[in-house]
>>> print(open('run30.cif').read())   # mmCIF, N, CA and C atoms
data_my_file
loop_
_atom_site.group_PDB
_atom_site.id
_atom_site.type_symbol
_atom_site.label_atom_id
_atom_site.label_comp_id
_atom_site.auth_asym_id
_atom_site.auth_seq_id
_atom_site.Cartn_x
_atom_site.Cartn_y
_atom_site.Cartn_z
ATOM 1 N N MET A 19 212.573 321.599 166.617
ATOM 2 C CA MET A 19 213.370 320.591 165.980
ATOM 3 C C MET A 19 213.359 319.334 166.848
ATOM 4 N N GLU A 20 213.361 318.212 166.205
ATOM 5 C CA GLU A 20 213.326 316.952 166.938
ATOM 6 C C GLU A 20 214.650 316.686 167.642
ATOM 7 N N ARG A 21 214.551 316.148 168.841
ATOM 8 C CA ARG A 21 215.735 315.815 169.632
ATOM 9 C C ARG A 21 216.660 314.863 168.869
ATOM 10 N N SER A 22 216.074 313.933 168.123
ATOM 11 C CA SER A 22 216.897 312.959 167.388
ATOM 12 C C SER A 22 217.741 313.660 166.324
ATOM 13 N N HIS A 23 217.193 314.721 165.713
ATOM 14 C CA HIS A 23 217.964 315.480 164.720
ATOM 15 C C HIS A 23 219.142 316.187 165.401
ATOM 16 N N VAL A 24 218.878 316.756 166.556
ATOM 17 C CA VAL A 24 219.932 317.440 167.308
ATOM 18 C C VAL A 24 221.041 316.446 167.643
ATOM 19 N N MET A 25 220.654 315.281 168.124
ATOM 20 C CA MET A 25 221.642 314.260 168.508
ATOM 21 C C MET A 25 222.456 313.796 167.299
ATOM 22 N N ARG A 26 221.780 313.572 166.178
ATOM 23 C CA ARG A 26 222.494 313.140 164.965
ATOM 24 C C ARG A 26 223.515 314.190 164.531
ATOM 25 N N ARG A 27 223.114 315.460 164.585
ATOM 26 C CA ARG A 27 224.004 316.538 164.134
ATOM 27 C C ARG A 27 225.216 316.648 165.044
ATOM 28 N N ILE A 28 225.014 316.522 166.335
ATOM 29 C CA ILE A 28 226.133 316.556 167.277
ATOM 30 C C ILE A 28 227.066 315.384 167.007
ATOM 31 N N ALA A 29 226.501 314.207 166.802
ATOM 32 C CA ALA A 29 227.317 313.015 166.530
ATOM 33 C C ALA A 29 228.133 313.176 165.245
ATOM 34 N N GLN A 30 227.567 313.858 164.255
ATOM 35 C CA GLN A 30 228.300 314.097 163.005
ATOM 36 C C GLN A 30 229.458 315.067 163.211
ATOM 37 N N LEU A 31 229.220 316.112 163.989
ATOM 38 C CA LEU A 31 230.244 317.135 164.191
ATOM 39 C C LEU A 31 231.316 316.715 165.200
ATOM 40 N N ALA A 32 230.953 315.823 166.110
ATOM 41 C CA ALA A 32 231.896 315.370 167.138
ATOM 42 C C ALA A 32 231.785 313.859 167.301
ATOM 43 N N PRO A 33 232.278 313.114 166.310
ATOM 44 C CA PRO A 33 232.094 311.657 166.334
ATOM 45 C C PRO A 33 232.773 310.949 167.506
ATOM 46 N N GLY A 34 233.714 311.594 168.167
ATOM 47 C CA GLY A 34 234.425 310.946 169.268
ATOM 48 C C GLY A 34 233.761 311.061 170.626
ATOM 49 N N LEU A 35 232.616 311.718 170.693
ATOM 50 C CA LEU A 35 231.942 311.881 171.986
ATOM 51 C C LEU A 35 231.466 310.543 172.531
ATOM 52 N N ARG A 36 231.605 310.382 173.824
ATOM 53 C CA ARG A 36 231.063 309.195 174.479
ATOM 54 C C ARG A 36 229.548 309.372 174.597
ATOM 55 N N HIS A 37 228.858 308.278 174.799
ATOM 56 C CA HIS A 37 227.396 308.312 174.789
ATOM 57 C C HIS A 37 226.836 309.296 175.819
ATOM 58 N N HIS A 38 227.375 309.291 177.033
ATOM 59 C CA HIS A 38 226.848 310.199 178.055
ATOM 60 C C HIS A 38 227.126 311.662 177.682
ATOM 61 N N GLN A 39 228.250 311.935 177.031
ATOM 62 C CA GLN A 39 228.556 313.290 176.577
ATOM 63 C C GLN A 39 227.590 313.711 175.466
ATOM 64 N N LEU A 40 227.311 312.777 174.584
ATOM 65 C CA LEU A 40 226.370 313.028 173.494
ATOM 66 C C LEU A 40 224.991 313.372 174.056
ATOM 67 N N ARG A 41 224.549 312.612 175.059
ATOM 68 C CA ARG A 41 223.255 312.887 175.701
ATOM 69 C C ARG A 41 223.243 314.259 176.364
ATOM 70 N N GLU A 42 224.320 314.612 177.071
ATOM 71 C CA GLU A 42 224.396 315.908 177.756
ATOM 72 C C GLU A 42 224.350 317.060 176.755
ATOM 73 N N CYS A 43 225.139 316.948 175.695
ATOM 74 C CA CYS A 43 225.147 317.991 174.660
ATOM 75 C C CYS A 43 223.782 318.103 173.994
ATOM 76 N N THR A 44 223.176 316.972 173.716
ATOM 77 C CA THR A 44 221.860 316.965 173.071
ATOM 78 C C THR A 44 220.831 317.651 173.958
ATOM 79 N N THR A 45 220.840 317.346 175.230
ATOM 80 C CA THR A 45 219.900 317.966 176.161
ATOM 81 C C THR A 45 220.083 319.483 176.187
ATOM 82 N N ALA A 46 221.335 319.929 176.241
ATOM 83 C CA ALA A 46 221.622 321.365 176.295
ATOM 84 C C ALA A 46 221.162 322.081 175.025
ATOM 85 N N TRP A 47 221.475 321.505 173.864
ATOM 86 C CA TRP A 47 221.085 322.134 172.598
ATOM 87 C C TRP A 47 219.583 322.055 172.376
ATOM 88 N N ASP A 48 218.988 320.932 172.719
ATOM 89 C CA ASP A 48 217.553 320.745 172.529
ATOM 90 C C ASP A 48 216.752 321.767 173.342
ATOM 91 N N ALA A 49 217.248 322.110 174.523
ATOM 92 C CA ALA A 49 216.562 323.070 175.383
ATOM 93 C C ALA A 49 216.490 324.465 174.750
ATOM 94 N N LEU A 50 217.388 324.762 173.821
ATOM 95 C CA LEU A 50 217.411 326.074 173.176
ATOM 96 C C LEU A 50 216.295 326.245 172.146
ATOM 97 N N GLN A 51 215.724 325.146 171.688
ATOM 98 C CA GLN A 51 214.624 325.158 170.721
ATOM 99 C C GLN A 51 214.947 326.009 169.487
ATOM 100 N N LEU A 52 216.061 325.709 168.864
ATOM 101 C CA LEU A 52 216.500 326.432 167.671
ATOM 102 C C LEU A 52 215.903 325.821 166.413
ATOM 103 N N THR A 53 215.808 326.626 165.376
ATOM 104 C CA THR A 53 215.426 326.088 164.073
ATOM 105 C C THR A 53 216.637 325.342 163.515
ATOM 106 N N PRO A 54 216.430 324.459 162.535
ATOM 107 C CA PRO A 54 217.585 323.750 161.957
ATOM 108 C C PRO A 54 218.691 324.692 161.449
ATOM 109 N N PRO A 55 218.361 325.785 160.723
ATOM 110 C CA PRO A 55 219.438 326.677 160.277
ATOM 111 C C PRO A 55 220.171 327.355 161.441
ATOM 112 N N GLU A 56 219.433 327.728 162.487
ATOM 113 C CA GLU A 56 220.071 328.343 163.659
ATOM 114 C C GLU A 56 221.003 327.354 164.344
ATOM 115 N N LEU A 57 220.525 326.139 164.517
ATOM 116 C CA LEU A 57 221.338 325.098 165.141
ATOM 117 C C LEU A 57 222.640 324.909 164.377
ATOM 118 N N GLU A 58 222.526 324.799 163.079
ATOM 119 C CA GLU A 58 223.703 324.594 162.229
ATOM 120 C C GLU A 58 224.690 325.755 162.364
ATOM 121 N N THR A 59 224.188 326.970 162.301
ATOM 122 C CA THR A 59 225.052 328.147 162.383
ATOM 123 C C THR A 59 225.774 328.219 163.722
ATOM 124 N N TRP A 60 225.021 328.083 164.794
ATOM 125 C CA TRP A 60 225.629 328.178 166.121
ATOM 126 C C TRP A 60 226.617 327.032 166.378
ATOM 127 N N MET A 61 226.243 325.818 166.020
ATOM 128 C CA MET A 61 227.141 324.681 166.261
ATOM 129 C C MET A 61 228.430 324.794 165.465
ATOM 130 N N ARG A 62 228.323 325.204 164.220
ATOM 131 C CA ARG A 62 229.531 325.367 163.403
ATOM 132 C C ARG A 62 230.418 326.474 163.953
ATOM 133 N N ALA A 63 229.808 327.509 164.493
ATOM 134 C CA ALA A 63 230.582 328.639 165.011
ATOM 135 C C ALA A 63 231.213 328.347 166.370
ATOM 136 N N LEU A 64 230.469 327.670 167.244
ATOM 137 C CA LEU A 64 230.923 327.515 168.630
ATOM 138 C C LEU A 64 231.252 326.088 169.038
ATOM 139 N N GLY A 65 230.961 325.131 168.179
ATOM 140 C CA GLY A 65 231.238 323.740 168.524
ATOM 141 C C GLY A 65 230.077 323.117 169.272
ATOM 142 N N VAL A 66 230.127 321.817 169.407
ATOM 143 C CA VAL A 66 229.013 321.097 170.029
ATOM 144 C C VAL A 66 228.901 321.371 171.521
ATOM 145 N N ASP A 67 229.946 321.903 172.131
ATOM 146 C CA ASP A 67 229.886 322.210 173.559
ATOM 147 C C ASP A 67 229.536 323.677 173.823
ATOM 148 N N GLY A 68 229.023 324.366 172.807
ATOM 149 C CA GLY A 68 228.754 325.792 172.921
ATOM 150 C C GLY A 68 227.335 326.182 173.279
ATOM 151 N N ALA A 69 226.510 325.239 173.696
ATOM 152 C CA ALA A 69 225.101 325.553 173.974
ATOM 153 C C ALA A 69 224.939 326.607 175.065
ATOM 154 N N ALA A 70 225.743 326.557 176.115
ATOM 155 C CA ALA A 70 225.633 327.543 177.193
ATOM 156 C C ALA A 70 225.983 328.946 176.681
ATOM 157 N N THR A 71 226.949 329.021 175.791
ATOM 158 C CA THR A 71 227.324 330.314 175.211
ATOM 159 C C THR A 71 226.194 330.846 174.337
ATOM 160 N N VAL A 72 225.564 329.954 173.575
ATOM 161 C CA VAL A 72 224.427 330.364 172.751
ATOM 162 C C VAL A 72 223.303 330.878 173.642
ATOM 163 N N GLN A 73 223.051 330.190 174.728
ATOM 164 C CA GLN A 73 222.001 330.620 175.650
ATOM 165 C C GLN A 73 222.306 332.027 176.178
ATOM 166 N N ALA A 74 223.558 332.286 176.533
ATOM 167 C CA ALA A 74 223.948 333.611 177.025
ATOM 168 C C ALA A 74 223.805 334.660 175.925
ATOM 169 N N CYS A 75 224.228 334.324 174.717
ATOM 170 C CA CYS A 75 224.091 335.254 173.592
ATOM 171 C C CYS A 75 222.630 335.624 173.386
ATOM 172 N N ARG A 76 221.782 334.632 173.362
ATOM 173 C CA ARG A 76 220.356 334.883 173.129
ATOM 174 C C ARG A 76 219.752 335.709 174.262
ATOM 175 N N ALA A 77 220.198 335.472 175.496
ATOM 176 C CA ALA A 77 219.690 336.230 176.636
ATOM 177 C C ALA A 77 220.019 337.720 176.500
ATOM 178 N N PHE A 78 221.138 338.012 175.858
ATOM 179 C CA PHE A 78 221.558 339.400 175.656
ATOM 180 C C PHE A 78 221.150 339.947 174.290
ATOM 181 N N GLY A 79 220.399 339.151 173.525
ATOM 182 C CA GLY A 79 219.904 339.622 172.237
ATOM 183 C C GLY A 79 220.895 339.520 171.093
ATOM 184 N N ILE A 80 221.906 338.685 171.262
ATOM 185 C CA ILE A 80 222.905 338.503 170.207
ATOM 186 C C ILE A 80 222.495 337.309 169.358
ATOM 187 N N GLY A 81 222.302 337.541 168.066
ATOM 188 C CA GLY A 81 221.891 336.479 167.150
ATOM 189 C C GLY A 81 223.037 335.964 166.309
ATOM 190 N N PRO A 82 222.769 334.958 165.499
ATOM 191 C CA PRO A 82 223.810 334.335 164.673
ATOM 192 C C PRO A 82 224.528 335.298 163.724
ATOM 193 N N ALA A 83 223.836 336.328 163.253
ATOM 194 C CA ALA A 83 224.475 337.267 162.321
ATOM 195 C C ALA A 83 225.639 338.013 162.965
ATOM 196 N N ALA A 84 225.626 338.136 164.282
ATOM 197 C CA ALA A 84 226.703 338.844 164.983
ATOM 198 C C ALA A 84 228.005 338.042 164.989
ATOM 199 N N LEU A 85 227.933 336.752 164.718
ATOM 200 C CA LEU A 85 229.124 335.905 164.779
ATOM 201 C C LEU A 85 230.207 336.319 163.789
ATOM 202 N N ASP A 86 229.816 336.933 162.691
ATOM 203 C CA ASP A 86 230.775 337.327 161.663
ATOM 204 C C ASP A 86 231.315 338.748 161.831
ATOM 205 N N VAL A 87 230.778 339.482 162.799
ATOM 206 C CA VAL A 87 231.252 340.851 163.036
ATOM 207 C C VAL A 87 232.700 340.786 163.533
ATOM 208 N N VAL A 88 233.538 341.665 162.994
ATOM 209 C CA VAL A 88 234.949 341.705 163.385
ATOM 210 C C VAL A 88 235.155 342.791 164.433
ATOM 211 N N LEU A 89 235.728 342.389 165.560
ATOM 212 C CA LEU A 89 236.067 343.309 166.642
ATOM 213 C C LEU A 89 237.559 343.190 166.923
ATOM 214 N N GLY A 90 238.269 344.253 166.736
ATOM 215 C CA GLY A 90 239.701 344.213 167.029
ATOM 216 C C GLY A 90 240.448 343.162 166.244
ATOM 217 N N GLY A 91 240.036 342.955 165.008
ATOM 218 C CA GLY A 91 240.749 342.017 164.144
ATOM 219 C C GLY A 91 240.300 340.566 164.223
ATOM 220 N N ARG A 92 239.356 340.257 165.110
ATOM 221 C CA ARG A 92 238.872 338.873 165.229
ATOM 222 C C ARG A 92 237.355 338.844 165.225
ATOM 223 N N GLN A 93 236.817 337.831 164.585
ATOM 224 C CA GLN A 93 235.369 337.680 164.521
ATOM 225 C C GLN A 93 234.795 337.335 165.897
ATOM 226 N N VAL A 94 233.557 337.772 166.106
ATOM 227 C CA VAL A 94 232.849 337.512 167.349
ATOM 228 C C VAL A 94 232.807 336.007 167.645
ATOM 229 N N GLY A 95 232.494 335.203 166.640
ATOM 230 C CA GLY A 95 232.437 333.753 166.838
ATOM 231 C C GLY A 95 233.745 333.185 167.351
ATOM 232 N N ARG A 96 234.845 333.667 166.805
ATOM 233 C CA ARG A 96 236.158 333.189 167.250
ATOM 234 C C ARG A 96 236.420 333.604 168.695
ATOM 235 N N ARG A 97 236.077 334.844 169.012
ATOM 236 C CA ARG A 97 236.277 335.319 170.390
ATOM 237 C C ARG A 97 235.474 334.458 171.383
ATOM 238 N N LEU A 98 234.249 334.132 171.015
ATOM 239 C CA LEU A 98 233.434 333.285 171.886
ATOM 240 C C LEU A 98 234.022 331.886 172.006
ATOM 241 N N ARG A 99 234.475 331.319 170.894
ATOM 242 C CA ARG A 99 235.110 329.993 170.926
ATOM 243 C C ARG A 99 236.336 329.997 171.824
ATOM 244 N N GLU A 100 237.051 331.107 171.828
ATOM 245 C CA GLU A 100 238.275 331.210 172.633
ATOM 246 C C GLU A 100 237.981 331.481 174.110
ATOM 247 N N GLY A 101 236.695 331.622 174.454
ATOM 248 C CA GLY A 101 236.325 331.729 175.857
ATOM 249 C C GLY A 101 235.939 333.108 176.353
ATOM 250 N N MET A 102 235.883 334.083 175.470
ATOM 251 C CA MET A 102 235.450 335.408 175.898
ATOM 252 C C MET A 102 233.997 335.330 176.347
ATOM 253 N N THR A 103 233.693 335.972 177.469
ATOM 254 C CA THR A 103 232.309 335.960 177.943
ATOM 255 C C THR A 103 231.465 336.902 177.098
ATOM 256 N N VAL A 104 230.188 336.677 177.123
ATOM 257 C CA VAL A 104 229.273 337.508 176.347
ATOM 258 C C VAL A 104 229.293 338.941 176.867
ATOM 259 N N THR A 105 229.361 339.116 178.175
ATOM 260 C CA THR A 105 229.388 340.466 178.724
ATOM 261 C C THR A 105 230.671 341.200 178.337
ATOM 262 N N ALA A 106 231.800 340.508 178.351
ATOM 263 C CA ALA A 106 233.064 341.126 177.920
ATOM 264 C C ALA A 106 232.995 341.478 176.438
ATOM 265 N N LEU A 107 232.380 340.625 175.674
ATOM 266 C CA LEU A 107 232.225 340.860 174.238
ATOM 267 C C LEU A 107 231.359 342.092 173.978
ATOM 268 N N LEU A 108 230.266 342.212 174.706
ATOM 269 C CA LEU A 108 229.399 343.379 174.563
ATOM 270 C C LEU A 108 230.127 344.660 174.958
ATOM 271 N N ALA A 109 230.945 344.587 176.008
ATOM 272 C CA ALA A 109 231.714 345.761 176.434
ATOM 273 C C ALA A 109 232.715 346.164 175.357
ATOM 274 N N LEU A 110 233.406 345.186 174.780
ATOM 275 C CA LEU A 110 234.366 345.461 173.715
ATOM 276 C C LEU A 110 233.670 346.081 172.511
ATOM 277 N N ALA A 111 232.530 345.544 172.156
ATOM 278 C CA ALA A 111 231.781 346.081 171.022
ATOM 279 C C ALA A 111 231.322 347.511 171.315
ATOM 280 N N ALA A 112 230.855 347.761 172.529
ATOM 281 C CA ALA A 112 230.398 349.108 172.898
ATOM 282 C C ALA A 112 231.540 350.113 172.831
ATOM 283 N N GLU A 113 232.733 349.689 173.247
ATOM 284 C CA GLU A 113 233.909 350.572 173.168
ATOM 285 C C GLU A 113 234.168 351.007 171.730
ATOM 286 N N ARG A 114 233.816 350.145 170.802
ATOM 287 C CA ARG A 114 234.046 350.416 169.384
ATOM 288 C C ARG A 114 232.802 350.972 168.686
ATOM 289 N N GLY A 115 231.769 351.240 169.467
ATOM 290 C CA GLY A 115 230.554 351.812 168.906
ATOM 291 C C GLY A 115 229.731 350.846 168.081
ATOM 292 N N ILE A 116 229.844 349.551 168.381
ATOM 293 C CA ILE A 116 229.123 348.512 167.632
ATOM 294 C C ILE A 116 228.086 347.869 168.544
ATOM 295 N N ASP A 117 226.872 347.754 168.057
ATOM 296 C CA ASP A 117 225.806 347.093 168.799
ATOM 297 C C ASP A 117 225.597 345.697 168.213
ATOM 298 N N LEU A 118 225.914 344.683 168.993
ATOM 299 C CA LEU A 118 225.789 343.295 168.531
ATOM 300 C C LEU A 118 224.380 342.740 168.732
ATOM 301 N N ARG A 119 223.566 343.451 169.443
ATOM 302 C CA ARG A 119 222.221 342.946 169.754
ATOM 303 C C ARG A 119 221.307 343.014 168.539
ATOM 304 N N ARG A 120 220.425 342.051 168.490
ATOM 305 C CA ARG A 120 219.424 341.928 167.420
ATOM 306 C C ARG A 120 220.052 341.794 166.056
ATOM 307 N N ARG A 121 221.171 341.128 165.997
ATOM 308 C CA ARG A 121 221.814 340.830 164.708
ATOM 309 C C ARG A 121 221.575 339.394 164.400
#
>>> encode(input="run30.cif", output="C-alpha cells")
Amino acid sequence: MERSHVMRRIAQLAPGLRHHQLRECTTAWDALQLTPPELETWMRALGVDGAATVQACRAFGIGPAALDVVLGGRQVGRRLREGMTVTALLALAAERGIDLRRR
C-alpha cells in the first residue's frame, strides 16, 4: 500500500494529530506493509496509535479475525485497546482453551 494512502487514512481517523505525530504514525503503519482491508480493520480496532500492537499480534500469529473473539465477556480488540499485552491475551485465551493464532 502506498505511504500516502496510509497517511490519508490516519489523518481521516485522527484529524487532530500534529504533523510530526502524523508522520510518526504513518511510518509505523507503513512498515507493517498491510493490505488496504487489513489496515482498515486494524486501525478501526486499535486506533491510529496501535501499530506496535499490530506488530506484536502478527509476530505471535494473531490476525484481524481474532479481534472479534470474546474472552471473559470482552472482545480481543477491546482488551488490546485497553492496554492488555499480546502475551497476557494469549495466556488468557489459553486458560479458556481458545487459540487466537492464525485467525
>>> atom_distance(input="run30.cif", atom1="CA of Arg121 (chain A)", atom2="CA of Ser22 (chain A)")
28.4 Å
>>> residues_around(input="run30.cif", residues="region 25-41 of chain A", least_positions_apart="2", cutoff="12 Å", atoms="only C-alpha atoms", output="MDAnalysis selection string")
chainID A and resid 19:23 43:48 54:55 57:69
>>> select_by_dssp(input="run30.cif", residues="region 68-109 of chain A", states="alpha helix (DSSP H)", output="compact mmCIF listing (two decimals) with N, CA and C atoms, in the frame of the given file")
# COMPACT_ATOMS: atom_id res chain seq x y z
N ALA A 69 226.51 325.24 173.70
CA ALA A 69 225.10 325.55 173.97
C ALA A 69 224.94 326.61 175.06
N ALA A 70 225.74 326.56 176.12
CA ALA A 70 225.63 327.54 177.19
C ALA A 70 225.98 328.95 176.68
N THR A 71 226.95 329.02 175.79
CA THR A 71 227.32 330.31 175.21
C THR A 71 226.19 330.85 174.34
N VAL A 72 225.56 329.95 173.58
CA VAL A 72 224.43 330.36 172.75
C VAL A 72 223.30 330.88 173.64
N GLN A 73 223.05 330.19 174.73
CA GLN A 73 222.00 330.62 175.65
C GLN A 73 222.31 332.03 176.18
N ALA A 74 223.56 332.29 176.53
CA ALA A 74 223.95 333.61 177.02
C ALA A 74 223.80 334.66 175.92
N CYS A 75 224.23 334.32 174.72
CA CYS A 75 224.09 335.25 173.59
C CYS A 75 222.63 335.62 173.39
N ARG A 76 221.78 334.63 173.36
CA ARG A 76 220.36 334.88 173.13
C ARG A 76 219.75 335.71 174.26
N ALA A 77 220.20 335.47 175.50
CA ALA A 77 219.69 336.23 176.64
C ALA A 77 220.02 337.72 176.50
N VAL A 94 233.56 337.77 166.11
CA VAL A 94 232.85 337.51 167.35
C VAL A 94 232.81 336.01 167.64
N GLY A 95 232.49 335.20 166.64
CA GLY A 95 232.44 333.75 166.84
C GLY A 95 233.74 333.18 167.35
N ARG A 96 234.84 333.67 166.80
CA ARG A 96 236.16 333.19 167.25
C ARG A 96 236.42 333.60 168.70
N ARG A 97 236.08 334.84 169.01
CA ARG A 97 236.28 335.32 170.39
C ARG A 97 235.47 334.46 171.38
N LEU A 98 234.25 334.13 171.02
CA LEU A 98 233.43 333.28 171.89
C LEU A 98 234.02 331.89 172.01
N ARG A 99 234.48 331.32 170.89
CA ARG A 99 235.11 329.99 170.93
C ARG A 99 236.34 330.00 171.82
N VAL A 104 230.19 336.68 177.12
CA VAL A 104 229.27 337.51 176.35
C VAL A 104 229.29 338.94 176.87
N THR A 105 229.36 339.12 178.18
CA THR A 105 229.39 340.47 178.72
C THR A 105 230.67 341.20 178.34
N ALA A 106 231.80 340.51 178.35
CA ALA A 106 233.06 341.13 177.92
C ALA A 106 233.00 341.48 176.44
N LEU A 107 232.38 340.62 175.67
CA LEU A 107 232.22 340.86 174.24
C LEU A 107 231.36 342.09 173.98
N LEU A 108 230.27 342.21 174.71
CA LEU A 108 229.40 343.38 174.56
C LEU A 108 230.13 344.66 174.96
N ALA A 109 230.94 344.59 176.01
CA ALA A 109 231.71 345.76 176.43
C ALA A 109 232.72 346.16 175.36
>>> resolve_selection(input="run30.cif", expression="the PyMOL selection byres (((chain A and resi 85 and name CA) around 10) and name CA)", output="number ranges by chain")
A: 59-60, 63-64, 80-84, 86-88, 93-98, 118, 121
>>> select_by_dssp(input="run30.cif", residues="chain A", states="strand (DSSP E)", output="VMD selection string")
chain A and resid 88 to 89 92 to 93
>>> write_last_selection(input="run30.cif", atoms="N, CA and C atoms", output="mmCIF file, in the frame of the given file")
data_model
loop_
_atom_site.group_PDB
_atom_site.id
_atom_site.type_symbol
_atom_site.label_atom_id
_atom_site.label_comp_id
_atom_site.auth_asym_id
_atom_site.auth_seq_id
_atom_site.Cartn_x
_atom_site.Cartn_y
_atom_site.Cartn_z
ATOM 1 N N VAL A 88 233.538 341.665 162.994
ATOM 2 C CA VAL A 88 234.949 341.705 163.385
ATOM 3 C C VAL A 88 235.155 342.791 164.433
ATOM 4 N N LEU A 89 235.728 342.389 165.560
ATOM 5 C CA LEU A 89 236.067 343.309 166.642
ATOM 6 C C LEU A 89 237.559 343.190 166.923
ATOM 7 N N ARG A 92 239.356 340.257 165.110
ATOM 8 C CA ARG A 92 238.872 338.873 165.229
ATOM 9 C C ARG A 92 237.355 338.844 165.225
ATOM 10 N N GLN A 93 236.817 337.831 164.585
ATOM 11 C CA GLN A 93 235.369 337.680 164.521
ATOM 12 C C GLN A 93 234.795 337.335 165.897
#
>>> build_atoms(input="run30.cif", residues="region 44-56 of chain A", atoms="N, CA, C and O atoms", output="PDB file, in the frame of the given file")
ATOM      1  N   THR A  44     223.176 316.972 173.716  1.00  0.00           N
ATOM      2  CA  THR A  44     221.860 316.965 173.071  1.00  0.00           C
ATOM      3  C   THR A  44     220.831 317.651 173.958  1.00  0.00           C
ATOM      4  O   THR A  44     220.035 318.469 173.479  1.00  0.00           O
ATOM      5  N   THR A  45     220.840 317.346 175.230  1.00  0.00           N
ATOM      6  CA  THR A  45     219.900 317.966 176.161  1.00  0.00           C
ATOM      7  C   THR A  45     220.083 319.483 176.187  1.00  0.00           C
ATOM      8  O   THR A  45     219.105 320.243 176.146  1.00  0.00           O
ATOM      9  N   ALA A  46     221.335 319.929 176.241  1.00  0.00           N
ATOM     10  CA  ALA A  46     221.622 321.365 176.295  1.00  0.00           C
ATOM     11  C   ALA A  46     221.162 322.081 175.025  1.00  0.00           C
ATOM     12  O   ALA A  46     220.519 323.135 175.085  1.00  0.00           O
ATOM     13  N   TRP A  47     221.475 321.505 173.864  1.00  0.00           N
ATOM     14  CA  TRP A  47     221.085 322.134 172.598  1.00  0.00           C
ATOM     15  C   TRP A  47     219.583 322.055 172.376  1.00  0.00           C
ATOM     16  O   TRP A  47     218.969 323.002 171.911  1.00  0.00           O
ATOM     17  N   ASP A  48     218.988 320.932 172.719  1.00  0.00           N
ATOM     18  CA  ASP A  48     217.553 320.745 172.529  1.00  0.00           C
ATOM     19  C   ASP A  48     216.752 321.767 173.342  1.00  0.00           C
ATOM     20  O   ASP A  48     215.719 322.258 172.891  1.00  0.00           O
ATOM     21  N   ALA A  49     217.248 322.110 174.523  1.00  0.00           N
ATOM     22  CA  ALA A  49     216.562 323.070 175.383  1.00  0.00           C
ATOM     23  C   ALA A  49     216.490 324.465 174.750  1.00  0.00           C
ATOM     24  O   ALA A  49     215.611 325.257 175.091  1.00  0.00           O
ATOM     25  N   LEU A  50     217.388 324.762 173.821  1.00  0.00           N
ATOM     26  CA  LEU A  50     217.411 326.074 173.176  1.00  0.00           C
ATOM     27  C   LEU A  50     216.295 326.245 172.146  1.00  0.00           C
ATOM     28  O   LEU A  50     215.987 327.367 171.748  1.00  0.00           O
ATOM     29  N   GLN A  51     215.724 325.146 171.688  1.00  0.00           N
ATOM     30  CA  GLN A  51     214.624 325.158 170.721  1.00  0.00           C
ATOM     31  C   GLN A  51     214.947 326.009 169.487  1.00  0.00           C
ATOM     32  O   GLN A  51     214.193 326.904 169.106  1.00  0.00           O
ATOM     33  N   LEU A  52     216.061 325.709 168.864  1.00  0.00           N
ATOM     34  CA  LEU A  52     216.500 326.432 167.671  1.00  0.00           C
ATOM     35  C   LEU A  52     215.903 325.821 166.413  1.00  0.00           C
ATOM     36  O   LEU A  52     215.562 324.632 166.389  1.00  0.00           O
ATOM     37  N   THR A  53     215.808 326.626 165.376  1.00  0.00           N
ATOM     38  CA  THR A  53     215.426 326.088 164.073  1.00  0.00           C
ATOM     39  C   THR A  53     216.637 325.342 163.515  1.00  0.00           C
ATOM     40  O   THR A  53     217.772 325.576 163.961  1.00  0.00           O
ATOM     41  N   PRO A  54     216.430 324.459 162.535  1.00  0.00           N
ATOM     42  CA  PRO A  54     217.585 323.750 161.957  1.00  0.00           C
ATOM     43  C   PRO A  54     218.691 324.692 161.449  1.00  0.00           C
ATOM     44  O   PRO A  54     219.870 324.445 161.735  1.00  0.00           O
ATOM     45  N   PRO A  55     218.361 325.785 160.723  1.00  0.00           N
ATOM     46  CA  PRO A  55     219.438 326.677 160.277  1.00  0.00           C
ATOM     47  C   PRO A  55     220.171 327.355 161.441  1.00  0.00           C
ATOM     48  O   PRO A  55     221.393 327.518 161.399  1.00  0.00           O
ATOM     49  N   GLU A  56     219.433 327.728 162.487  1.00  0.00           N
ATOM     50  CA  GLU A  56     220.071 328.343 163.659  1.00  0.00           C
ATOM     51  C   GLU A  56     221.003 327.354 164.344  1.00  0.00           C
ATOM     52  O   GLU A  56     222.133 327.699 164.714  1.00  0.00           O
TER      53      GLU A  56
END
